[in-house]
file run.pdb (PDB, C-alpha atoms and all ligand atoms)
ATOM      1  CA  MET A 443      53.660  12.930 -26.411
ATOM      2  CA  ILE A 444      53.053  10.676 -23.424
ATOM      3  CA  GLU A 445      56.051   9.403 -21.486
ATOM      4  CA  ALA A 446      56.105   6.813 -18.722
ATOM      5  CA  ARG A 447      59.292   6.178 -16.748
ATOM      6  CA  GLY A 448      59.470   3.382 -14.209
ATOM      7  CA  LEU A 449      55.732   3.696 -13.736
ATOM      8  CA  THR A 450      54.446   1.416 -10.979
ATOM      9  CA  LYS A 451      51.021   1.056  -9.362
ATOM     10  CA  VAL A 452      50.333  -1.222  -6.435
ATOM     11  CA  TYR A 453      46.809  -1.868  -5.104
ATOM     12  CA  GLY A 454      47.050  -3.623  -1.746
ATOM     13  CA  ASN A 455      49.053  -6.772  -2.476
ATOM     14  CA  LYS A 456      48.433  -6.535  -6.247
ATOM     15  CA  THR A 457      51.027  -4.861  -8.492
ATOM     16  CA  ALA A 458      48.858  -3.714 -11.412
ATOM     17  CA  VAL A 459      51.737  -1.999 -13.261
ATOM     18  CA  ARG A 460      55.414  -2.732 -12.625
ATOM     19  CA  GLU A 461      58.213  -0.324 -13.661
ATOM     20  CA  VAL A 462      56.729   0.413 -17.035
ATOM     21  CA  SER A 463      58.539   2.791 -19.411
ATOM     22  CA  PHE A 464      57.404   3.895 -22.868
ATOM     23  CA  SER A 465      57.050   6.953 -25.097
ATOM     24  CA  ILE A 466      53.898   7.482 -27.129
ATOM     25  CA  ALA A 467      54.729   9.693 -30.086
ATOM     26  CA  PRO A 468      52.546  12.345 -31.726
ATOM     27  CA  GLY A 469      51.303  12.029 -35.304
ATOM     28  CA  GLN A 470      50.333   8.387 -35.055
ATOM     29  CA  VAL A 471      47.815   6.063 -33.470
ATOM     30  CA  THR A 472      49.326   3.861 -30.786
ATOM     31  CA  GLY A 473      47.418   0.721 -29.844
ATOM     32  CA  PHE A 474      47.517  -0.401 -26.239
ATOM     33  CA  LEU A 475      47.070  -4.179 -26.117
ATOM     34  CA  GLY A 476      47.152  -6.836 -23.455
ATOM     35  CA  PRO A 477      45.063  -9.555 -21.837
ATOM     36  CA  ASN A 478      42.403  -8.714 -19.240
ATOM     37  CA  GLY A 479      44.024  -7.351 -16.118
ATOM     38  CA  ALA A 480      47.339  -6.554 -17.876
ATOM     39  CA  GLY A 481      47.313  -2.979 -16.571
ATOM     40  CA  LYS A 482      46.172  -0.931 -19.592
ATOM     41  CA  SER A 483      43.360   0.944 -17.824
ATOM     42  CA  THR A 484      45.572   1.504 -14.792
ATOM     43  CA  CYS A 485      48.227   3.152 -16.998
ATOM     44  CA  MET A 486      45.577   5.302 -18.652
ATOM     45  CA  ARG A 487      44.145   6.380 -15.295
ATOM     46  CA  LEU A 488      47.646   7.320 -14.135
ATOM     47  CA  MET A 489      48.162   9.389 -17.321
ATOM     48  CA  VAL A 490      45.165  11.572 -16.566
ATOM     49  CA  GLY A 491      45.742  11.877 -12.842
ATOM     50  CA  LEU A 492      42.797   9.695 -11.768
ATOM     51  CA  ASP A 493      45.253   7.677  -9.716
ATOM     52  CA  ARG A 494      48.699   8.403  -8.315
ATOM     53  CA  PRO A 495      51.684   6.225  -9.208
ATOM     54  CA  SER A 496      53.202   4.161  -6.388
ATOM     55  CA  ALA A 497      56.571   4.866  -8.075
ATOM     56  CA  GLY A 498      57.845   6.389 -11.296
ATOM     57  CA  THR A 499      56.256   9.084 -13.421
ATOM     58  CA  VAL A 500      54.008   9.587 -16.387
ATOM     59  CA  THR A 501      53.855  12.883 -18.240
ATOM     60  CA  VAL A 502      51.637  14.291 -20.961
ATOM     61  CA  GLN A 503      53.234  16.935 -23.204
ATOM     62  CA  GLY A 504      56.178  16.915 -20.810
ATOM     63  CA  GLN A 505      54.169  17.652 -17.673
ATOM     64  CA  ARG A 506      52.386  15.641 -15.034
ATOM     65  CA  TYR A 507      48.626  15.890 -15.568
ATOM     66  CA  ALA A 508      48.178  17.728 -12.261
ATOM     67  CA  ASP A 509      50.597  20.440 -13.445
ATOM     68  CA  LEU A 510      48.853  21.159 -16.766
ATOM     69  CA  SER A 511      47.367  24.673 -16.731
ATOM     70  CA  ALA A 512      44.610  23.889 -19.270
ATOM     71  CA  PRO A 513      44.265  20.094 -19.034
ATOM     72  CA  MET A 514      41.308  19.725 -21.421
ATOM     73  CA  ALA A 515      43.221  21.548 -24.169
ATOM     74  CA  GLU A 516      46.179  19.217 -23.698
ATOM     75  CA  VAL A 517      44.565  15.843 -23.146
ATOM     76  CA  GLY A 518      41.134  14.362 -23.765
ATOM     77  CA  ALA A 519      40.261  10.971 -22.336
ATOM     78  CA  LEU A 520      37.521   8.402 -22.635
ATOM     79  CA  LEU A 521      37.988   6.063 -19.712
ATOM     80  CA  ASP A 522      34.500   5.246 -18.508
ATOM     81  CA  ALA A 523      31.720   6.171 -20.926
ATOM     82  CA  LYS A 524      29.124   5.574 -18.225
ATOM     83  CA  GLY A 525      30.308   8.385 -15.951
ATOM     84  CA  VAL A 526      27.546  10.791 -17.034
ATOM     85  CA  HIS A 527      24.458  11.842 -15.028
ATOM     86  CA  PRO A 528      21.570   9.892 -16.644
ATOM     87  CA  GLY A 529      19.041  12.730 -16.183
ATOM     88  CA  ARG A 530      21.072  15.208 -18.228
ATOM     89  CA  SER A 531      20.934  15.684 -21.972
ATOM     90  CA  ALA A 532      24.085  15.192 -24.028
ATOM     91  CA  ARG A 533      24.140  18.923 -24.776
ATOM     92  CA  SER A 534      23.776  20.015 -21.147
ATOM     93  CA  HIS A 535      26.437  17.505 -20.068
ATOM     94  CA  LEU A 536      28.894  18.912 -22.626
ATOM     95  CA  ARG A 537      27.912  22.515 -21.824
ATOM     96  CA  ALA A 538      28.535  21.980 -18.104
ATOM     97  CA  LEU A 539      31.901  20.400 -18.876
ATOM     98  CA  ALA A 540      32.762  23.232 -21.276
ATOM     99  CA  ALA A 541      31.738  25.937 -18.794
ATOM    100  CA  THR A 542      34.004  24.610 -16.039
ATOM    101  CA  HIS A 543      36.954  24.631 -18.446
ATOM    102  CA  GLY A 544      36.343  27.972 -20.153
ATOM    103  CA  ILE A 545      35.346  26.333 -23.449
ATOM    104  CA  SER A 546      32.789  28.031 -25.728
ATOM    105  CA  ASP A 547      29.263  26.798 -26.558
ATOM    106  CA  ARG A 548      30.310  26.884 -30.196
ATOM    107  CA  ARG A 549      32.757  24.053 -29.478
ATOM    108  CA  VAL A 550      29.927  22.026 -27.861
ATOM    109  CA  HIS A 551      27.994  22.393 -31.108
ATOM    110  CA  GLU A 552      31.059  21.305 -33.110
ATOM    111  CA  VAL A 553      31.740  18.117 -31.138
ATOM    112  CA  LEU A 554      28.041  17.143 -31.215
ATOM    113  CA  GLU A 555      28.243  17.433 -35.023
ATOM    114  CA  GLN A 556      31.577  15.639 -35.198
ATOM    115  CA  THR A 557      30.302  12.669 -33.188
ATOM    116  CA  GLY A 558      26.955  12.434 -34.976
ATOM    117  CA  LEU A 559      24.969  13.265 -31.823
ATOM    118  CA  SER A 560      23.319  16.533 -32.944
ATOM    119  CA  ALA A 561      19.931  14.890 -33.573
ATOM    120  CA  VAL A 562      19.785  13.382 -30.066
ATOM    121  CA  ALA A 563      21.625  16.172 -28.228
ATOM    122  CA  ASN A 564      18.567  17.162 -26.163
ATOM    123  CA  ARG A 565      17.621  13.637 -25.117
ATOM    124  CA  ARG A 566      18.317  12.277 -21.633
ATOM    125  CA  VAL A 567      21.607  10.406 -21.543
ATOM    126  CA  GLY A 568      19.919   7.725 -19.387
ATOM    127  CA  GLY A 569      18.028   6.597 -22.504
ATOM    128  CA  PHE A 570      21.144   6.377 -24.686
ATOM    129  CA  SER A 571      22.256   3.099 -26.263
ATOM    130  CA  LEU A 572      25.762   1.824 -25.482
ATOM    131  CA  GLY A 573      26.983   3.185 -28.825
ATOM    132  CA  MET A 574      25.463   6.639 -28.238
ATOM    133  CA  GLY A 575      27.084   6.702 -24.803
ATOM    134  CA  GLN A 576      30.448   5.875 -26.403
ATOM    135  CA  ARG A 577      29.971   8.729 -28.884
ATOM    136  CA  LEU A 578      29.195  11.108 -26.033
ATOM    137  CA  GLY A 579      32.341   9.936 -24.238
ATOM    138  CA  ILE A 580      34.349  10.660 -27.389
ATOM    139  CA  ALA A 581      32.633  14.063 -27.730
ATOM    140  CA  SER A 582      33.702  14.894 -24.146
ATOM    141  CA  ALA A 583      37.278  13.828 -24.908
ATOM    142  CA  LEU A 584      37.351  16.059 -28.008
ATOM    143  CA  LEU A 585      35.767  19.085 -26.306
ATOM    144  CA  GLY A 586      39.001  20.907 -25.455
ATOM    145  CA  ASP A 587      40.452  20.201 -28.941
ATOM    146  CA  PRO A 588      43.326  18.404 -27.165
ATOM    147  CA  ARG A 589      46.759  17.541 -28.542
ATOM    148  CA  VAL A 590      46.628  14.138 -26.831
ATOM    149  CA  LEU A 591      43.759  11.623 -26.864
ATOM    150  CA  ILE A 592      43.536   8.633 -24.548
ATOM    151  CA  LEU A 593      40.687   6.281 -25.376
ATOM    152  CA  ASP A 594      40.003   3.085 -23.417
ATOM    153  CA  GLU A 595      37.927   0.683 -25.532
ATOM    154  CA  PRO A 596      36.230   3.456 -27.560
ATOM    155  CA  ILE A 597      34.604   1.046 -30.003
ATOM    156  CA  ASN A 598      32.852  -1.069 -27.377
ATOM    157  CA  GLY A 599      29.185  -1.246 -28.277
ATOM    158  CA  LEU A 600      29.520   0.568 -31.600
ATOM    159  CA  ASP A 601      27.870  -0.867 -34.711
ATOM    160  CA  PRO A 602      30.037  -1.418 -37.845
ATOM    161  CA  ASP A 603      29.339   2.138 -39.073
ATOM    162  CA  GLY A 604      30.373   3.480 -35.688
ATOM    163  CA  VAL A 605      33.550   1.392 -35.653
ATOM    164  CA  LEU A 606      34.488   2.699 -39.101
ATOM    165  CA  TRP A 607      33.744   6.245 -37.977
ATOM    166  CA  VAL A 608      36.061   5.899 -34.942
ATOM    167  CA  ARG A 609      38.814   4.451 -37.147
ATOM    168  CA  LYS A 610      38.595   7.373 -39.590
ATOM    169  CA  LEU A 611      38.354   9.919 -36.774
ATOM    170  CA  LEU A 612      41.436   8.585 -34.969
ATOM    171  CA  ARG A 613      43.454   8.362 -38.200
ATOM    172  CA  HIS A 614      42.445  11.945 -38.981
ATOM    173  CA  LEU A 615      43.350  13.211 -35.500
ATOM    174  CA  ALA A 616      46.757  11.519 -35.730
ATOM    175  CA  SER A 617      47.321  13.006 -39.206
ATOM    176  CA  GLU A 618      46.869  16.435 -37.621
ATOM    177  CA  GLY A 619      49.902  15.662 -35.463
ATOM    178  CA  ARG A 620      48.026  14.691 -32.312
ATOM    179  CA  THR A 621      49.044  11.864 -30.000
ATOM    180  CA  VAL A 622      46.390   9.137 -30.029
ATOM    181  CA  LEU A 623      46.436   6.200 -27.597
ATOM    182  CA  LEU A 624      43.757   3.588 -28.048
ATOM    183  CA  SER A 625      43.063   0.357 -26.193
ATOM    184  CA  SER A 626      40.946  -2.398 -27.686
ATOM    185  CA  HIS A 627      40.668  -6.161 -27.625
ATOM    186  CA  LEU A 628      39.457  -6.183 -31.244
ATOM    187  CA  MET A 629      42.606  -7.151 -33.111
ATOM    188  CA  SER A 630      41.224  -6.816 -36.630
ATOM    189  CA  GLU A 631      40.197  -3.249 -35.859
ATOM    190  CA  MET A 632      43.474  -2.463 -34.135
ATOM    191  CA  ALA A 633      45.340  -3.788 -37.177
ATOM    192  CA  GLN A 634      43.526  -1.268 -39.367
ATOM    193  CA  THR A 635      43.797   1.688 -36.997
ATOM    194  CA  ALA A 636      47.142   1.612 -35.189
ATOM    195  CA  ASP A 637      50.590   2.531 -36.531
ATOM    196  CA  HIS A 638      52.425   1.368 -33.437
ATOM    197  CA  VAL A 639      51.575  -1.055 -30.636
ATOM    198  CA  ILE A 640      52.510  -1.342 -26.997
ATOM    199  CA  VAL A 641      51.608  -4.673 -25.448
ATOM    200  CA  LEU A 642      51.315  -5.152 -21.695
ATOM    201  CA  GLY A 643      51.352  -8.521 -19.970
ATOM    202  CA  ARG A 644      50.882  -8.864 -16.207
ATOM    203  CA  GLY A 645      51.716  -5.205 -15.664
ATOM    204  CA  GLU A 646      54.884  -5.131 -17.779
ATOM    205  CA  VAL A 647      55.679  -4.013 -21.327
ATOM    206  CA  VAL A 648      56.157  -7.134 -23.443
ATOM    207  CA  ALA A 649      56.311  -5.378 -26.844
ATOM    208  CA  ASP A 650      56.683  -1.800 -28.107
ATOM    209  CA  ALA A 651      57.080  -1.628 -31.891
ATOM    210  CA  PRO A 652      55.667  -0.327 -35.166
ATOM    211  CA  ILE A 653      52.696  -2.548 -35.983
ATOM    212  CA  GLN A 654      54.235  -4.115 -39.118
ATOM    213  CA  GLU A 655      57.413  -4.947 -37.233
ATOM    214  CA  PHE A 656      55.341  -6.418 -34.395
ATOM    215  CA  ILE A 657      53.349  -8.598 -36.796
ATOM    216  CA  SER A 658      56.346  -9.880 -38.746
ATOM    217  CA  GLY A 659      58.775  -9.872 -35.787
ATOM    218  CA  GLY A 660      60.395 -13.223 -35.207
ATOM    219  CA  GLN A 661      58.419 -14.737 -38.072
ATOM    220  CA  HIS A 662      60.396 -16.233 -40.915
ATOM    221  CA  ASP A 663      59.073 -16.286 -44.468
ATOM    222  CA  ARG A 664      56.436 -18.926 -45.183
ATOM    223  CA  VAL A 665      55.117 -19.624 -48.649
ATOM    224  CA  THR A 666      52.560 -22.079 -50.025
ATOM    225  CA  VAL A 667      53.872 -23.700 -53.207
ATOM    226  CA  ARG A 668      51.760 -25.861 -55.519
ATOM    227  CA  THR A 669      53.253 -27.456 -58.588
ATOM    228  CA  PRO A 670      52.548 -30.701 -60.500
ATOM    229  CA  ASP A 671      56.262 -31.417 -60.087
ATOM    230  CA  ALA A 672      56.400 -30.969 -56.295
ATOM    231  CA  ALA A 673      58.887 -33.738 -55.541
ATOM    232  CA  ARG A 674      61.472 -32.506 -58.057
ATOM    233  CA  PHE A 675      61.060 -28.852 -57.070
ATOM    234  CA  ALA A 676      61.447 -29.836 -53.398
ATOM    235  CA  SER A 677      64.646 -31.759 -54.185
ATOM    236  CA  LEU A 678      66.018 -28.723 -55.992
ATOM    237  CA  LEU A 679      65.325 -26.493 -52.973
ATOM    238  CA  LEU A 680      66.872 -28.975 -50.540
ATOM    239  CA  SER A 681      69.933 -29.372 -52.789
ATOM    240  CA  THR A 682      70.788 -25.699 -52.110
ATOM    241  CA  GLU A 683      71.683 -26.920 -48.580
ATOM    242  CA  ASP A 684      70.535 -23.591 -47.167
ATOM    243  CA  PRO A 685      69.997 -24.436 -43.463
ATOM    244  CA  ALA A 686      67.156 -21.867 -43.218
ATOM    245  CA  ILE A 687      64.975 -23.687 -45.750
ATOM    246  CA  ARG A 688      62.500 -26.230 -44.418
ATOM    247  CA  LEU A 689      59.667 -27.877 -46.390
ATOM    248  CA  GLU A 690      56.397 -29.302 -45.127
ATOM    249  CA  PRO A 691      54.447 -31.420 -47.621
ATOM    250  CA  LEU A 692      50.834 -30.447 -48.387
ATOM    251  CA  ALA A 693      48.108 -32.980 -49.202
ATOM    252  CA  GLU A 694      47.777 -31.877 -52.815
ATOM    253  CA  GLU A 695      50.859 -31.563 -55.044
ATOM    254  CA  GLY A 696      52.774 -29.021 -53.084
ATOM    255  CA  PHE A 697      54.473 -27.954 -49.890
ATOM    256  CA  GLU A 698      54.810 -25.106 -47.447
ATOM    257  CA  ALA A 699      58.279 -23.596 -47.724
ATOM    258  CA  HIS A 700      59.840 -21.961 -44.652
ATOM    259  CA  GLY A 701      62.881 -19.698 -44.673
ATOM    260  CA  ILE A 702      62.696 -18.594 -48.320
ATOM    261  CA  THR A 703      60.722 -15.768 -49.930
ATOM    262  CA  ALA A 704      58.087 -16.130 -52.644
ATOM    263  CA  ALA A 705      60.273 -13.988 -54.912
ATOM    264  CA  GLU A 706      63.244 -16.329 -54.550
ATOM    265  CA  LEU A 707      61.045 -19.407 -55.079
ATOM    266  CA  GLY A 708      59.568 -17.822 -58.214
ATOM    267  CA  ARG A 709      63.020 -17.050 -59.544
ATOM    268  CA  LEU A 710      64.237 -20.640 -58.964
ATOM    269  CA  ALA A 711      61.082 -22.081 -60.566
ATOM    270  CA  ALA A 712      61.550 -19.919 -63.661
ATOM    271  CA  GLU A 713      65.254 -20.691 -63.902
ATOM    272  CA  HIS A 714      64.639 -24.471 -63.780
ATOM    273  CA  GLY A 715      61.419 -24.521 -65.828
ATOM    274  CA  PHE A 716      58.972 -25.582 -63.091
ATOM    275  CA  VAL A 717      55.284 -24.870 -63.689
ATOM    276  CA  LEU A 718      53.729 -23.279 -60.598
ATOM    277  CA  HIS A 719      50.015 -23.457 -59.813
ATOM    278  CA  GLU A 720      50.296 -21.427 -56.636
ATOM    279  CA  LEU A 721      52.970 -19.317 -54.958
ATOM    280  CA  SER A 722      51.470 -17.455 -52.016
ATOM    281  CA  PRO A 723      53.209 -15.896 -49.029
ATOM    282  CA  ILE A 724      51.484 -16.825 -45.749
ATOM    283  CA  ARG A 725      50.795 -13.642 -43.825
ATOM    284  CA  THR A 726      50.711 -13.499 -40.054
ATOM    285  CA  SER A 727      47.843 -11.447 -38.640
ATOM    286  CA  LEU A 728      48.073  -9.049 -35.702
ATOM    287  CA  GLU A 729      45.925 -11.522 -33.790
ATOM    288  CA  ASP A 730      48.365 -14.408 -34.481
ATOM    289  CA  ALA A 731      51.345 -12.288 -33.401
ATOM    290  CA  TYR A 732      49.495 -11.030 -30.320
ATOM    291  CA  LEU A 733      48.339 -14.490 -29.226
ATOM    292  CA  ALA A 734      51.807 -15.970 -29.713
ATOM    293  CA  LEU A 735      53.360 -13.184 -27.643
ATOM    294  CA  THR A 736      50.856 -13.063 -24.802
ATOM    295  CA  ARG A 737      50.277 -16.823 -24.423
ATOM    296  CA  ASP A 738      52.379 -16.836 -21.265
ATOM    297  CA  HIS A 739      51.012 -13.566 -19.912
ATOM    298  CA  VAL A 740      47.321 -14.390 -19.695
ATOM    299  CA  GLU A 741      46.144 -14.189 -16.124
ATOM    300  CA  TYR A 742      42.538 -15.310 -16.497
ATOM    301  CA  VAL A 743      42.385 -18.553 -18.460
ATOM    302  CA  ALA A 744      39.298 -20.723 -19.037
ATOM    303  CA  ALA A 745      39.626 -24.288 -17.788
TER
HETATM  304  N1  LIG A 801      41.248   0.046  -7.859
HETATM  305  C1  LIG A 801      41.801  -1.156  -7.870
HETATM  306  N2  LIG A 801      41.935  -1.874  -6.750
HETATM  307  C2  LIG A 801      42.509  -3.095  -6.766
HETATM  308  N3  LIG A 801      42.985  -3.696  -7.868
HETATM  309  C3  LIG A 801      42.872  -3.048  -9.017
HETATM  310  C4  LIG A 801      42.279  -1.745  -9.094
HETATM  311  N4  LIG A 801      42.318  -1.342 -10.397
HETATM  312  C5  LIG A 801      42.897  -2.351 -11.074
HETATM  313  N5  LIG A 801      43.227  -3.374 -10.261
HETATM  314  C6  LIG A 801      43.894  -4.631 -10.655
HETATM  315  O1  LIG A 801      45.033  -4.299 -11.405
HETATM  316  C7  LIG A 801      45.203  -5.180 -12.502
HETATM  317  C8  LIG A 801      45.237  -4.392 -13.791
HETATM  318  O2  LIG A 801      43.928  -3.943 -14.097
HETATM  319  P1  LIG A 801      43.571  -3.033 -15.345
HETATM  320  O3  LIG A 801      42.119  -2.713 -15.247
HETATM  321  O4  LIG A 801      44.529  -1.917 -15.433
HETATM  322  O5  LIG A 801      43.830  -4.026 -16.556
HETATM  323  P2  LIG A 801      43.410  -3.890 -18.072
HETATM  324  O6  LIG A 801      44.613  -4.275 -18.860
HETATM  325  O7  LIG A 801      42.813  -2.567 -18.340
HETATM  326  O8  LIG A 801      42.317  -5.036 -18.205
HETATM  327  P3  LIG A 801      40.982  -5.142 -19.111
HETATM  328  O9  LIG A 801      41.451  -5.513 -20.471
HETATM  329  O10 LIG A 801      40.247  -6.274 -18.443
HETATM  330  O11 LIG A 801      40.273  -3.834 -19.034
HETATM  331  C9  LIG A 801      44.060  -6.180 -12.418
HETATM  332  O12 LIG A 801      44.504  -7.345 -11.782
HETATM  333  C10 LIG A 801      43.031  -5.472 -11.588
HETATM  334  O13 LIG A 801      42.240  -6.382 -10.866
END
call {"tool": "encode", "arguments": {"input": "run.pdb", "output": "structure tokens", "more": "lines below"}}
Ligand SMILES: Nc1ncnc2c1ncn2[C@@H]1O[C@H](COP(=O)(O)OP(=O)(O)OP(=O)(O)O)[C@@H](O)[C@H]1O
result
Amino acid sequence: MIEARGLTKVYGNKTAVREVSFSIAPGQVTGFLGPNGAGKSTCMRLMVGLDRPSAGTVTVQGQRYADLSAPMAEVGALLDAKGVHPGRSARSHLRALAATHGISDRRVHEVLEQTGLSAVANRRVGGFSLGMGQRLGIASALLGDPRVLILDEPINGLDPDGVLWVRKLLRHLASEGRTVLLSSHLMSEMAQTADHVIVLGRGEVVADAPIQEFISGGQHDRVTVRTPDAARFASLLLSTEDPAIRLEPLAEEGFEAHGITAAELGRLAAEHGFVLHELSPIRTSLEDAYLALTRDHVEYVAA
């Protein structure tokens, strides 16, 4: 569990995060979304004590990071995958990290296996590709077998196999009851990985909801209808005088119906003997919902 209450961070004259409150529950993957500069990384840095809040609090497993007695066993973070000495091997980096936190060599072996780095474990990290560096960052986060994982853009630089691997890993970790917080700008991936989303805009929470609710929130039903008898079917629908129903004609024998479900349209068509060539609900994607929500919160806009 991660809990932020009135969390605020000011850098000079810039308020990066303003009175943010949220709870990130265990047993699910929570996606952290928001335009560039929205404050996601700042929140994550505050969670793991890399920065101090200007006001408010953030706790991990009920305690401030600084008060955790065995921090690596409670929380693992990937915040900057490049923060590794380039002359070291992946294995020696993980061993050094393990040694300072009382973690066994056996665990180093396990996370190298888990992240697919065993074959390159003795190579210098300086020669690693971006994707290998990301895997090493994830290995470091997993080292203490933590109950909470905080991963800032973990799929940056990963190839499609790597992206799929991260998705499965995070889903698995959440299924074990761990708290998983993930930031990414890749909406299609987020849609497949997260159960819940928190969206920041200009340092404030602009949405905090289960992902399905977020995607469908505020959206009414929309259905594409194609029938050779479009005009008569449209008249029938309009004759119901339901104020929610609105029809937009399509170029070819049909219309887009708003404010009525596909099931209800199908029922009416059957009842009145209309032949339907198409009856398809129009689904909103996470990207559509995200772009609609954050349109007014984007700080850096191209001319
Ligand atoms: N150390 C710092 N000093 C000054 N300003 C900072 C510092 N860290 C962050 N900021 C500012 O705070 C705001 C929030 O930045 P942050 O990196 O948290 O956003 P983000 O949502 O992670 O963005 P991105 O998606 O680009 O990574 C930005 O305007 C950024 O310039």
call {"tool": "resolve_selection", "arguments": {"input": "run.pdb", "expression": "the PyMOL selection byres (((not hetatm)) within 9 of (chain A and resi 801))", "output": "compact mmCIF listing (two decimals) with C-alpha atoms, keeping the file's coordinate frame"}}
result
# COMPACT_ATOMS: atom_id res chain seq x y z
CA LYS A 451 51.02 1.06 -9.36
CA VAL A 452 50.33 -1.22 -6.44
CA TYR A 453 46.81 -1.87 -5.10
CA GLY A 454 47.05 -3.62 -1.75
CA ASN A 455 49.05 -6.77 -2.48
CA LYS A 456 48.43 -6.54 -6.25
CA THR A 457 51.03 -4.86 -8.49
CA ALA A 458 48.86 -3.71 -11.41
CA VAL A 459 51.74 -2.00 -13.26
CA PHE A 474 47.52 -0.40 -26.24
CA LEU A 475 47.07 -4.18 -26.12
CA GLY A 476 47.15 -6.84 -23.46
CA PRO A 477 45.06 -9.56 -21.84
CA ASN A 478 42.40 -8.71 -19.24
CA GLY A 479 44.02 -7.35 -16.12
CA ALA A 480 47.34 -6.55 -17.88
CA GLY A 481 47.31 -2.98 -16.57
CA LYS A 482 46.17 -0.93 -19.59
CA SER A 483 43.36 0.94 -17.82
CA THR A 484 45.57 1.50 -14.79
CA CYS A 485 48.23 3.15 -17.00
CA MET A 486 45.58 5.30 -18.65
CA ARG A 487 44.14 6.38 -15.30
CA ASP A 493 45.25 7.68 -9.72
CA ASP A 594 40.00 3.08 -23.42
CA GLU A 595 37.93 0.68 -25.53
CA SER A 625 43.06 0.36 -26.19
CA SER A 626 40.95 -2.40 -27.69
CA HIS A 627 40.67 -6.16 -27.62
CA LEU A 642 51.32 -5.15 -21.70
CA GLY A 643 51.35 -8.52 -19.97
CA ARG A 644 50.88 -8.86 -16.21
CA GLY A 645 51.72 -5.20 -15.66
CA GLU A 741 46.14 -14.19 -16.12
call {"tool": "resolve_selection", "arguments": {"input": "run.pdb", "expression": "the PyMOL selection byres (((chain A and resi 463) around 12) and not hetatm)", "output": "PyMOL selection string"}}
result
chain A and resi 444-450+459-462+464-466+485+497-501+640-642+645-650
call {"tool": "write_last_selection", "arguments": {"input": "run.pdb", "atoms": "C-alpha atoms", "output": "mmCIF file, in the frame of the given file"}}
result
data_model
loop_
_atom_site.group_PDB
_atom_site.id
_atom_site.type_symbol
_atom_site.label_atom_id
_atom_site.label_comp_id
_atom_site.auth_asym_id
_atom_site.auth_seq_id
_atom_site.Cartn_x
_atom_site.Cartn_y
_atom_site.Cartn_z
ATOM 1 C CA ILE A 444 53.053 10.676 -23.424
ATOM 2 C CA GLU A 445 56.051 9.403 -21.486
ATOM 3 C CA ALA A 446 56.105 6.813 -18.722
ATOM 4 C CA ARG A 447 59.292 6.178 -16.748
ATOM 5 C CA GLY A 448 59.470 3.382 -14.209
ATOM 6 C CA LEU A 449 55.732 3.696 -13.736
ATOM 7 C CA THR A 450 54.446 1.416 -10.979
ATOM 8 C CA VAL A 459 51.737 -1.999 -13.261
ATOM 9 C CA ARG A 460 55.414 -2.732 -12.625
ATOM 10 C CA GLU A 461 58.213 -0.324 -13.661
ATOM 11 C CA VAL A 462 56.729 0.413 -17.035
ATOM 12 C CA PHE A 464 57.404 3.895 -22.868
ATOM 13 C CA SER A 465 57.050 6.953 -25.097
ATOM 14 C CA ILE A 466 53.898 7.482 -27.129
ATOM 15 C CA CYS A 485 48.227 3.152 -16.998
ATOM 16 C CA ALA A 497 56.571 4.866 -8.075
ATOM 17 C CA GLY A 498 57.845 6.389 -11.296
ATOM 18 C CA THR A 499 56.256 9.084 -13.421
ATOM 19 C CA VAL A 500 54.008 9.587 -16.387
ATOM 20 C CA THR A 501 53.855 12.883 -18.240
ATOM 21 C CA ILE A 640 52.510 -1.342 -26.997
ATOM 22 C CA VAL A 641 51.608 -4.673 -25.448
ATOM 23 C CA LEU A 642 51.315 -5.152 -21.695
ATOM 24 C CA GLY A 645 51.716 -5.205 -15.664
ATOM 25 C CA GLU A 646 54.884 -5.131 -17.779
ATOM 26 C CA VAL A 647 55.679 -4.013 -21.327
ATOM 27 C CA VAL A 648 56.157 -7.134 -23.443
ATOM 28 C CA ALA A 649 56.311 -5.378 -26.844
ATOM 29 C CA ASP A 650 56.683 -1.800 -28.107
#
call {"tool": "closest_residue", "arguments": {"input": "run.pdb", "among": "A:Pro685, A:Gly568, A:Gly599, A:Pro588", "to": "Met514 in chain A", "atoms": "all atoms listed in the file"}}
result
A:Pro588
call {"tool": "resolve_selection", "arguments": {"input": "run.pdb", "expression": "the PyMOL selection byres (((chain A and resi 515-523) around 8) and not hetatm)", "output": "ChimeraX atom specification"}}
result
/A:483,486-487,490,502-503,510,512-514,524-526,575-576,578-580,582-596
call {"tool": "atom_distance", "arguments": {"input": "run.pdb", "atom1": "CA of His662 in chain A", "atom2": "CA of Gly696 in chain A"}}
result
19.2 Å
call {"tool": "atom_distance", "arguments": {"input": "run.pdb", "atom1": "CA of His551 in chain A", "atom2": "CA of Pro602 in chain A"}}
result
24.8 Å
call {"tool": "residues_near_point", "arguments": {"input": "run.pdb", "point": "(20.1, 4.9, -25.6)", "cutoff": "12 Å", "atoms": "only C-alpha atoms", "output": "list of chain:residue names"}}
result
A:Lys524, A:Pro528, A:Ser531, A:Ala532, A:Leu559, A:Val562, A:Ala563, A:Arg565, A:Arg566, A:Val567, A:Gly568, A:Gly569, A:Phe570, A:Ser571, A:Leu572, A:Gly573, A:Met574, A:Gly575, A:Gln576, A:Arg577, A:Leu578, A:Gly599, A:Leu600
call {"tool": "atom_distance", "arguments": {"input": "run.pdb", "atom1": "CA of Arg668 in chain A", "atom2": "CA of Leu718 in chain A"}}
result
6.0 Å
